[in-house]
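The block underneath contains the structure these notes are about, expressed in structure tokens.
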Amino acid sequence: MNDRLIRRVGWIGLFLLIFFSMIYLKVFLSSRAEFRTAEAALAKGNDREAIIHYERAILWYLPIGGYVEPSAEALWKLATALEEKDKKLALEAFRSLRSGFYAARSFYTPGKEWIARSDQKIASLMAQEPPYSEADKKKTVEQRTEEALAILKRPLKPHTGWSIVLEIGFWGWVAGVLLFIMTGFNAENRVIPKRGLLLGGWIVFFYALWIVGMMNA
């Protein structure tokens with residue numbers, strides 16, 4: 001019994017290692033592909049397309065490695081260069097940099113320094129736009145900048161409901177996998193058909209729930 005338990009624990013460890021390695025590889029390769037596409041677009045002078053793909057590269061966020069930081073640096077450089085020739089597109093680029101990191105957040109928000117720097121630029125560019133109301137016309141550029149910055153600094157929280165769905169989906173999936181490995185086999189290490197089918201459905205359901213939660217949180 002102890003030997004069987006040890007083997008199954010080993011299988012659990014191996015499964016988790018392979019699973020998270022596959023996730024890391026998928027995210028890394030996707031981020032690299034988007035970064036390279038952005039670089040190619042930039043080389044052709046297609047700034048708008050480059051902005052889109054730099055932001056997508058940031059969305060494929062990895063805490064270690066990946067192309068998030070190079071993409072953020074390139075997007076910042078592009079946005080600051082655009083300030084001189086196309087302020088509207090520059091504003092779009094800074095917003096993309098900011099929203100890319102906000103969209104990549106989970107239990108913490110990555111890229112806080114980039115977000116803070118982008119907030120300053122966005123507020124400044126918004127303040128330089130023509131005033132749209134009589135009240136705004138009476139304000140100085142500095143006042144409009146401060147107001148825009150105050151709005152940008154308001155904390156943005158993930159959608160609570162979808163965050164709960166995400167957590168339930170992930171831990172339900174993990175529990176299903178563990179139960180399958182621990183109880184889904186008989187003494188001859190063959191899958192118990194009815195239990196295997198039940199737990200297989202459990203795993204698929206909660207995995208799908210996890211993915212939907214991540215897409216909407």
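Each chain of the structure tokens is named A, B, ... in the order shown, its residues numbered from 1; ligands are numbered from 1 in display order.
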
Could you pull the residues within 9 Å of A:Met182, counting only C-alpha atoms, minus those fewer than 5 positions along the same chain, as a compact mmCIF listing (two decimals) with C-alpha atoms, in the first residue's frame?
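Contents of the output file out-v5.txt:
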# COMPACT_ATOMS: atom_id res chain seq x y z
CA LEU A 5 0.96 5.57 -2.54
CA ARG A 8 1.02 7.75 -7.19
CA VAL A 9 2.49 10.74 -5.39
CA ILE A 12 1.23 13.56 -9.31
CA VAL A 177 -6.53 15.38 -11.15

Legend entry - Nearby residues (only C-alpha atoms) at most 8 Å from A:Leu199, same-chain spacing under 3 positions excluded, as an NGL selection string: :A and (176-177 or 179-180 or 184 or 195-196 or 202-203)

Inset, instruction - Find the residue from A:Asn189, A:Thr80, A:Thr37, A:Gln143 that sits nearest to A:Arg7; use only C-alpha atoms when measuring. - result: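 Selected residue with least distance to A:Arg7: A:Asn189.
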
Inset, instruction - For stretch 23-35 of chain A, list every protein, DNA or RNA residue within 8 Å, evaluated using only C-alpha atoms, and leave out those in the same chain fewer than 6 positions away; present the list as number ranges by chain. - result: A: 53-54, 56-62, 65-68, 71

The selected residues should be written to file as an mmCIF file, in the first residue's frame (atoms: C-alpha atoms).
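result.cif, written as the output of this step:
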data_model
loop_
_atom_site.group_PDB
_atom_site.id
_atom_site.type_symbol
_atom_site.label_atom_id
_atom_site.label_comp_id
_atom_site.auth_asym_id
_atom_site.auth_seq_id
_atom_site.Cartn_x
_atom_site.Cartn_y
_atom_site.Cartn_z
ATOM 1 C CA HIS A 53 1.503 43.260 -31.047
ATOM 2 C CA TYR A 54 3.699 44.760 -28.321
ATOM 3 C CA ARG A 56 -0.213 41.262 -26.939
ATOM 4 C CA ALA A 57 3.340 40.260 -26.028
ATOM 5 C CA ILE A 58 2.835 41.889 -22.620
ATOM 6 C CA LEU A 59 -0.454 40.038 -22.172
ATOM 7 C CA TRP A 60 1.494 36.751 -22.373
ATOM 8 C CA TYR A 61 3.012 37.639 -19.026
ATOM 9 C CA LEU A 62 5.684 35.572 -17.295
ATOM 10 C CA GLY A 65 11.861 35.319 -18.565
ATOM 11 C CA GLY A 66 9.744 35.925 -21.635
ATOM 12 C CA TYR A 67 9.444 39.039 -23.765
ATOM 13 C CA VAL A 68 7.312 41.225 -21.519
ATOM 14 C CA SER A 71 8.055 44.668 -25.292
#

Legend entry - Per-residue DSSP, stretch 66-172 of chain A, filtered to alpha helix (DSSP H), as a ChimeraX atom specification: /A:68-82,87-103,112-128,134-137,141-152,160-172

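Taking only C-alpha atoms into account, A:Glu129 lies nearest to A:Lys87 out of the set A:Lys87, A:Gly200, A:Arg98, A:Arg117.
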
Inset, instruction - Rank A:Glu142, A:Pro110, A:Ala43, A:Glu92 by their smallest atom-to-atom distance to A:Ile64, using only C-alpha atoms, and report the top residue only. - result: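 Ranked by minimum distance to A:Ile64, first place goes to A:Pro110.
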
Inset, instruction - Using atom CA of A:Asp119 and atom CA of A:Asp47 as the two end points, give the distance in Å to one decimal. - result: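 These two atoms are separated by 20.7 Å.
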
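When only C-alpha atoms are used to measure the gap to A:Ala93, the shortest distance among A:Glu188, A:Asp136, A:Glu167, A:Glu55 belongs to A:Glu55.
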
Inset, instruction - Considering only C-alpha atoms, state which residue in the set A:Asn46, A:Thr145, A:Ser21, A:Asn186 is at the smallest distance from A:Lys121. - result: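 Nearest candidate to A:Lys121 out of A:Asn46, A:Thr145, A:Ser21, A:Asn186: A:Thr145.
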